[in-house]
Amino acid sequence: MANFDVIFLGGGPAGYVGAIRASQLGLTVGVIEREGLGGTCVLWGCIPAKALLESSHIANRLKHAAEFGVKVGDITLDFGVAMKRSRDVSTKNSKGVEFLFKKNKVTWIRGTGVLGAGKTVKVTTADGKSETHTASKAVVIGTGSRVRGLPQAGLELNKTTVISSDEALVLEKAPKSLAIVGAGAVGCEFADVFSAFGTKVTLIEVLPRILPLEDEDASAEVARAFKKRGLDVLTAARLSGTKVAKDSVTMTVEVGGQKQELVVDKVLVATGRAANVENIGLKEAGVQLTDRGFIKVSDTLETTAKGIYAIGDVAGPPMLAHKGEREGIVVAEVIAGAHYHPINYGNIPNCTYCYPEVASIGLTEAQCKEKKLDYKLGKFPFSANGRARTSGETEGFVKIIRDAKYGEILGAHIVGPHATELIHELLVARENEFTVEEIDMAIHAHPTLSETIAEAVLDSMGKMIHA
Amino acid sequence: MPTKIFMEALSPTMEEGRLVTWNKSEGDAVKSGDVLAEVETDKAVMELVARGDGVLLKRLVAEGTTAPVGSLVGVIGAAGEDISALLGGVQPAVAVNSPGATPQPAPTAPLAPAPATPIAAPVAAPAAAPQSAGSAKSSPLARRLAKDSGLDLGAVAGSGPGGRIIKRDIEAAVASVGATAVSTVNRLPSTVSDYTDQALTQIRKTIAKRLAESIGPIPTFYLTAEFDLTRVAELRAAAAGEGEEYRVSFNDIILKATATALARHPEVNAHWLGDKIRFFNRVHLGMAVATDDGLIVPVIFDADQKGIGEIARESRELAKRARDRKLKPEEYTGSTFSVSNLGMMQIEQFTAIINPPECGILAIGALEDKAVVVDGELAVRKRLRVTMSCDHRVVDGAIGARFLQDLRRLIENPLMLVF
């Protein structure tokens, strides 16, 4: 039994960042977490997946090493080694959060928490003991989300032949063949990883294109790159007749009226995640949910129960670590009565780390059309960029959509090398209401990939130099 | 070690406070517990006390300025102590200005009658803030939008980080100006400004928030009164006896009386603009006219300045043009208060719906001969029922009632209209 000013239920990116900020603001903070610190991001998402993607990137680069005058012998791929390195990176990051907790005097309560009466949380610790902790100011729910299967298509997760990203991250070896159902960011990233490790990958999407939330040009560019590397990409696809056997899965995929039978070693379901709202005492505490199963929150992230807040995946989409982190910071400032800036949900970047990488902010071109906005396009290919040619990474483009009259950046879409880093120049510009003219005024270094942004901006003004 | 003075939460529900007066000047010695300033919360005026000993080195918030709870409003330290690092080079008054807050008293922005004049900005610059014209922090996009709308950036309150003017501030400024479109229609020249903007007091903000939650979005209540129009009838008959050009309707006289009463009660001749209330110094009276297409509300501009005869001619003309669908937009925008009359359809009494951002509308019922007690005797008098719909965010019950009291005096003694 301990008293804190604030208790965070869940130590993922939303909760741990919020806890550190709350402590910086002079509050006493406890974080209840049953697994390791860092949540899905550090343990089962962002970090280990990106570590694997680095392995696949090296594998893909080595195939072209000879063109650079670097001869390597036969390349041997070992997914098990890549997986162990990925786990090491994950563990180091989690230990890093533990260090940050110590440095900031945040108490980690190891166990499973359930909301109790008032602002209390009942915790069952790893050794089965039960204890109750009290928060004098607020309880913040950041229980995150979890993988889920696709039972309506006969794909209930069994962790052997029908798996989720959780299992994919700890496979000892790459399967011979793999069907990935759902071609969002997670599906595309694992398609990239396993195809690089020699798996025959079939990427299946029910919507008409892969990365359906991205701009259509971005979807087309990645699909083209995937097909070039030998991946089967099936869009507008319907699944039926799924048969799950002990060491294989059989299913019928229908695309454009054509049916084909697919037999694979494993199926990876990547069609979305479910918010963790069960078994934490929400109903008893008077915390209401939205129609879509997330916790309902106000502008200040407070739930329908006074003094109880919710942040991160459990508080609604987009389910992104950086969205949760910002909510953690803001909720800490709200609770401490400090000055805070309201979250601008309209300018959160989306990043997919497959090769070529995809990053975007704001509106897609289709959304601009739908809103009947008067816009102008600027687009510049990496194939015309000097730096991209030197490294031989010339796939992709920068596409900027700007308001026709005032030059406001309505949306920006990058496919190509380091897209997920490059997007931040445009992100900062858009957040501060810089128009395309201010981006043009800033002298971009040569030779850099960032010049592609400057050229796309010029193109939107009809003044492109290098293409 | 300097001691920071923060805007403290002086009531449980306080989110921001308006610094009413500083009791200490920069350089004054202060002891822990001394009253540094008076702060208006959402409930009352409270005292902000010192939490340390020393000298008041810096006042970071000008009197009359609103600051959010937890923001830095001043610094106490040793005489001559260097506190520049603590202030971090932040422009003080801008940093603590809460979004949209306008210090009081706000200078007025004159609205010139000439149609070619660029739109005047609705929010006047705080006198003490360093963001006067020319030096206002603003985003490039905001500057372009402002230039295009003819807005003076120095007169727009910024809601971005550190008081920076961003796109939504320009959009809000343009939208609120649009509500009072400049018109050339029969407006009289004037040397005084058209309206006075008043920043919302904390109690006004609380009233607005609570009531809108209860009955939203316009928390309306209704006041009904019955007036004696016997003398209006006499006046009207006497005037008509002087010739056809002096023939006016009962409604014309009611319009004139309403306009005169409004001129005396700017507190109901007002617009609710979300973050402030605009009290008009001129009376532009909207009159609801039923047409085959539906309801339209043409405007008699400066109705309080016009004679009954002029109002009669103008209302006839406007009503005819409304029914012929020949009204120009500037003839049906810009009203400050409205009147609706269903008396000709034998409706004894009704409630009219407020035409936002106006804060009141008067519903006029049918004129009836009624038996009433006058001086202890039963008498037949001409009686009229009027109901005023009031936006409670601006007009409290007593304020609306006082306006109706004055209107009654004018209507029951119509000779007063001459004065």
# chains A, B, ... in the order shown; residues from 1 in each chain; ligands from 1
call {"tool": "select_by_dssp", "arguments": {"residues": "stretch 209-383 of chain A", "states": "helix (DSSP H, G or I)", "output": "ChimeraX atom specification"}}
result
/A:216-228,282-285,312-315,321-336,345-347,365-370,382-383
call {"tool": "interface_residues", "arguments": {"of": "chain A", "to": "chain B", "cutoff": "10 Å", "atoms": "only C-alpha atoms", "output": "list in words"}}
result
Ala336, Gly337, Ala338, His339, Tyr340, His341, Lys405, Tyr406, Gly407, Glu408, Ile409, Arg430, Glu431, Asn432, Glu433, Phe434, Thr435, Val436, Glu437 and Glu438 of chain A
call {"tool": "residues_around", "arguments": {"residues": "B:Val45", "least_positions_apart": "4", "cutoff": "10 Å", "atoms": "only C-alpha atoms", "output": "PyMOL selection string"}}
result
chain B and resi 10+17-20+38-41+202
call {"tool": "write_last_selection", "arguments": {"atoms": "N, CA and C atoms", "output": "PDB file, in the first residue's frame"}}
result
ATOM      1  N   LEU B  10      -7.221  29.703  -7.098  1.00  0.00           N
ATOM      2  CA  LEU B  10      -7.799  30.283  -5.885  1.00  0.00           C
ATOM      3  C   LEU B  10      -9.218  29.796  -5.629  1.00  0.00           C
ATOM      4  N   GLY B  17      -7.140  33.279 -14.274  1.00  0.00           N
ATOM      5  CA  GLY B  17      -7.530  34.391 -13.426  1.00  0.00           C
ATOM      6  C   GLY B  17      -7.162  35.698 -14.091  1.00  0.00           C
ATOM      7  N   ARG B  18      -7.973  36.739 -13.814  1.00  0.00           N
ATOM      8  CA  ARG B  18      -7.666  38.056 -14.366  1.00  0.00           C
ATOM      9  C   ARG B  18      -7.022  38.877 -13.264  1.00  0.00           C
ATOM     10  N   LEU B  19      -5.826  39.356 -13.521  1.00  0.00           N
ATOM     11  CA  LEU B  19      -5.124  40.145 -12.527  1.00  0.00           C
ATOM     12  C   LEU B  19      -5.765  41.531 -12.510  1.00  0.00           C
ATOM     13  N   VAL B  20      -6.509  41.826 -11.460  1.00  0.00           N
ATOM     14  CA  VAL B  20      -7.253  43.088 -11.406  1.00  0.00           C
ATOM     15  C   VAL B  20      -6.321  44.249 -11.066  1.00  0.00           C
ATOM     16  N   GLU B  38      -4.654  41.501  -6.560  1.00  0.00           N
ATOM     17  CA  GLU B  38      -6.015  40.992  -6.501  1.00  0.00           C
ATOM     18  C   GLU B  38      -6.315  40.309  -7.821  1.00  0.00           C
ATOM     19  N   VAL B  39      -6.892  39.114  -7.712  1.00  0.00           N
ATOM     20  CA  VAL B  39      -7.129  38.297  -8.887  1.00  0.00           C
ATOM     21  C   VAL B  39      -8.605  37.932  -8.941  1.00  0.00           C
ATOM     22  N   GLU B  40      -9.209  38.162 -10.104  1.00  0.00           N
ATOM     23  CA  GLU B  40     -10.604  37.782 -10.278  1.00  0.00           C
ATOM     24  C   GLU B  40     -10.657  36.345 -10.777  1.00  0.00           C
ATOM     25  N   THR B  41     -11.314  35.470  -9.999  1.00  0.00           N
ATOM     26  CA  THR B  41     -11.465  34.075 -10.408  1.00  0.00           C
ATOM     27  C   THR B  41     -12.825  33.946 -11.054  1.00  0.00           C
ATOM     28  N   GLN B 202     -14.874  36.802 -15.316  1.00  0.00           N
ATOM     29  CA  GLN B 202     -14.904  35.391 -14.948  1.00  0.00           C
ATOM     30  C   GLN B 202     -16.317  34.936 -14.605  1.00  0.00           C
TER      31      GLN B 202
END
call {"tool": "atom_distance", "arguments": {"atom1": "atom CA of B:Ile170", "atom2": "atom CA of B:Tyr332"}}
result
25.3 Å
call {"tool": "residues_around", "arguments": {"residues": "A:Phe190", "least_positions_apart": "6", "cutoff": "9 Å", "atoms": "only C-alpha atoms", "output": "list of chain:residue names"}}
result
A:Ala49, A:Leu52, A:Leu53, A:Ser165, A:Ala168, A:Ile180, A:Leu268, A:Cys354
call {"tool": "select_by_dssp", "arguments": {"residues": "stretch 123-173 of chain A", "states": "strand (DSSP E or B)", "output": "count of residues only"}}
result
22
call {"tool": "closest_atom_pairs", "arguments": {"of": "stretch 221-298 of chain A", "to": "stretch 410-416 of chain A", "cutoff": "12 Å", "atoms": "only C-alpha atoms", "output": "Markdown table"}}
result
| residue | atom | partner | partner_atom | distance |
| --- | --- | --- | --- | --- |
| A:Glu221 | CA | A:Val415 | CA | 7.4 |
| A:Val222 | CA | A:Val415 | CA | 7.7 |
| A:Ala223 | CA | A:Val415 | CA | 11.4 |
| A:Arg224 | CA | A:Val415 | CA | 11.8 |
| A:Ala225 | CA | A:Gly416 | CA | 10.3 |
call {"tool": "atom_distance", "arguments": {"atom1": "atom CA of B:Leu378", "atom2": "atom CA of B:Ala233"}}
result
19.1 Å
call {"tool": "residues_around", "arguments": {"residues": "A:Ile47", "least_positions_apart": "5", "cutoff": "7 Å", "atoms": "only C-alpha atoms", "output": "tab-separated table (two decimals) with C-alpha atoms, in the first residue's frame"}}
result
chain	number	residue	atom	x	y	z
A	41	CYS	CA	6.54	-0.32	-28.74
A	42	VAL	CA	9.72	-1.46	-27.03
A	90	SER	CA	14.40	-4.58	-27.33
call {"tool": "residues_around", "arguments": {"residues": "A:Glu35", "least_positions_apart": "5", "cutoff": "9 Å", "atoms": "only C-alpha atoms", "output": "compact mmCIF listing (two decimals) with C-alpha atoms, in the first residue's frame"}}
result
# COMPACT_ATOMS: atom_id res chain seq x y z
CA GLY A 11 4.18 1.34 -18.71
CA ARG A 110 5.32 -4.93 -10.99
CA GLY A 111 1.95 -6.53 -11.38
CA THR A 112 -1.50 -6.42 -12.91
call {"tool": "residues_around", "arguments": {"residues": "A:Phe197", "least_positions_apart": "6", "cutoff": "10 Å", "atoms": "only C-alpha atoms", "output": "ChimeraX atom specification"}}
result
/A:55-56,59-60,76-79,82,173-176
call {"tool": "write_last_selection", "arguments": {"atoms": "N, CA and C atoms", "output": "PDB file, in the first residue's frame"}}
result
ATOM      1  N   SER A  55      18.093  -5.811 -40.581  1.00  0.00           N
ATOM      2  CA  SER A  55      18.687  -7.033 -41.130  1.00  0.00           C
ATOM      3  C   SER A  55      18.277  -7.232 -42.583  1.00  0.00           C
ATOM      4  N   SER A  56      16.994  -7.046 -42.857  1.00  0.00           N
ATOM      5  CA  SER A  56      16.534  -7.270 -44.230  1.00  0.00           C
ATOM      6  C   SER A  56      17.114  -6.209 -45.163  1.00  0.00           C
ATOM      7  N   ALA A  59      20.546  -7.306 -46.032  1.00  0.00           N
ATOM      8  CA  ALA A  59      20.472  -8.421 -46.974  1.00  0.00           C
ATOM      9  C   ALA A  59      20.184  -7.927 -48.383  1.00  0.00           C
ATOM     10  N   ASN A  60      19.238  -6.993 -48.490  1.00  0.00           N
ATOM     11  CA  ASN A  60      18.892  -6.470 -49.817  1.00  0.00           C
ATOM     12  C   ASN A  60      20.052  -5.681 -50.417  1.00  0.00           C
ATOM     13  N   THR A  76      24.687 -15.978 -46.577  1.00  0.00           N
ATOM     14  CA  THR A  76      23.889 -16.921 -45.804  1.00  0.00           C
ATOM     15  C   THR A  76      22.967 -16.118 -44.889  1.00  0.00           C
ATOM     16  N   LEU A  77      21.702 -16.475 -44.912  1.00  0.00           N
ATOM     17  CA  LEU A  77      20.728 -15.741 -44.106  1.00  0.00           C
ATOM     18  C   LEU A  77      20.319 -16.597 -42.918  1.00  0.00           C
ATOM     19  N   ASP A  78      20.302 -16.011 -41.743  1.00  0.00           N
ATOM     20  CA  ASP A  78      19.903 -16.757 -40.544  1.00  0.00           C
ATOM     21  C   ASP A  78      18.937 -15.900 -39.737  1.00  0.00           C
ATOM     22  N   PHE A  79      17.670 -16.195 -39.905  1.00  0.00           N
ATOM     23  CA  PHE A  79      16.656 -15.382 -39.236  1.00  0.00           C
ATOM     24  C   PHE A  79      16.797 -15.457 -37.718  1.00  0.00           C
ATOM     25  N   ALA A  82      19.151 -12.879 -36.505  1.00  0.00           N
ATOM     26  CA  ALA A  82      18.523 -11.562 -36.615  1.00  0.00           C
ATOM     27  C   ALA A  82      17.501 -11.367 -35.498  1.00  0.00           C
ATOM     28  N   LYS A 173      13.298 -19.485 -37.100  1.00  0.00           N
ATOM     29  CA  LYS A 173      13.769 -19.389 -38.483  1.00  0.00           C
ATOM     30  C   LYS A 173      12.623 -18.893 -39.363  1.00  0.00           C
ATOM     31  N   ALA A 174      13.010 -18.355 -40.516  1.00  0.00           N
ATOM     32  CA  ALA A 174      12.004 -17.833 -41.434  1.00  0.00           C
ATOM     33  C   ALA A 174      11.248 -18.995 -42.068  1.00  0.00           C
ATOM     34  N   PRO A 175       9.911 -18.910 -42.142  1.00  0.00           N
ATOM     35  CA  PRO A 175       9.152 -20.000 -42.778  1.00  0.00           C
ATOM     36  C   PRO A 175       9.428 -20.046 -44.287  1.00  0.00           C
ATOM     37  N   LYS A 176       9.175 -21.208 -44.894  1.00  0.00           N
ATOM     38  CA  LYS A 176       9.382 -21.317 -46.351  1.00  0.00           C
ATOM     39  C   LYS A 176       8.382 -20.444 -47.085  1.00  0.00           C
TER      40      LYS A 176
END
call {"tool": "atom_distance", "arguments": {"atom1": "atom CA of A:Thr125", "atom2": "atom CA of A:Val31"}}
result
12.9 Å
call {"tool": "decode", "arguments": {"residues": "stretch 176-194 of chain A", "atoms": "N, CA and C atoms", "output": "short mmCIF file (atom, residue, chain, number, x, y, z; two decimals), in the first residue's frame"}}
result
data_model
loop_
_atom_site.label_atom_id
_atom_site.label_comp_id
_atom_site.auth_asym_id
_atom_site.auth_seq_id
_atom_site.Cartn_x
_atom_site.Cartn_y
_atom_site.Cartn_z
N LYS A 176 9.17 -21.21 -44.89
CA LYS A 176 9.38 -21.32 -46.35
C LYS A 176 8.38 -20.44 -47.09
N SER A 177 7.13 -20.50 -46.62
CA SER A 177 6.12 -19.67 -47.28
C SER A 177 5.24 -19.03 -46.21
N LEU A 178 4.79 -17.82 -46.51
CA LEU A 178 4.02 -17.05 -45.52
C LEU A 178 2.99 -16.20 -46.26
N ALA A 179 1.74 -16.30 -45.79
CA ALA A 179 0.72 -15.37 -46.30
C ALA A 179 0.51 -14.31 -45.22
N ILE A 180 0.56 -13.06 -45.62
CA ILE A 180 0.30 -11.98 -44.67
C ILE A 180 -1.05 -11.37 -45.01
N VAL A 181 -1.97 -11.42 -44.07
CA VAL A 181 -3.31 -10.90 -44.31
C VAL A 181 -3.40 -9.51 -43.68
N GLY A 182 -3.60 -8.50 -44.53
CA GLY A 182 -3.64 -7.10 -44.08
C GLY A 182 -2.36 -6.41 -44.50
N ALA A 183 -2.47 -5.42 -45.40
CA ALA A 183 -1.28 -4.77 -45.96
C ALA A 183 -1.17 -3.33 -45.48
N GLY A 184 -1.41 -3.12 -44.18
CA GLY A 184 -1.11 -1.82 -43.58
C GLY A 184 0.37 -1.76 -43.25
N ALA A 185 0.76 -0.88 -42.35
CA ALA A 185 2.17 -0.69 -42.02
C ALA A 185 2.80 -2.00 -41.52
N VAL A 186 2.09 -2.69 -40.57
CA VAL A 186 2.66 -3.90 -39.98
C VAL A 186 2.81 -4.98 -41.04
N GLY A 187 1.78 -5.20 -41.84
CA GLY A 187 1.81 -6.22 -42.88
C GLY A 187 2.94 -5.97 -43.87
N CYS A 188 3.09 -4.74 -44.31
CA CYS A 188 4.12 -4.40 -45.30
C CYS A 188 5.53 -4.57 -44.71
N GLU A 189 5.69 -4.21 -43.43
CA GLU A 189 7.02 -4.33 -42.83
C GLU A 189 7.43 -5.80 -42.72
N PHE A 190 6.52 -6.68 -42.27
CA PHE A 190 6.88 -8.09 -42.15
C PHE A 190 7.03 -8.74 -43.53
N ALA A 191 6.28 -8.27 -44.52
CA ALA A 191 6.45 -8.78 -45.88
C ALA A 191 7.88 -8.52 -46.33
N ASP A 192 8.36 -7.30 -46.03
CA ASP A 192 9.72 -6.91 -46.39
C ASP A 192 10.73 -7.81 -45.67
N VAL A 193 10.56 -7.97 -44.36
CA VAL A 193 11.52 -8.75 -43.56
C VAL A 193 11.62 -10.18 -44.08
N PHE A 194 10.46 -10.87 -44.15
CA PHE A 194 10.53 -12.30 -44.46
C PHE A 194 10.94 -12.54 -45.91
#
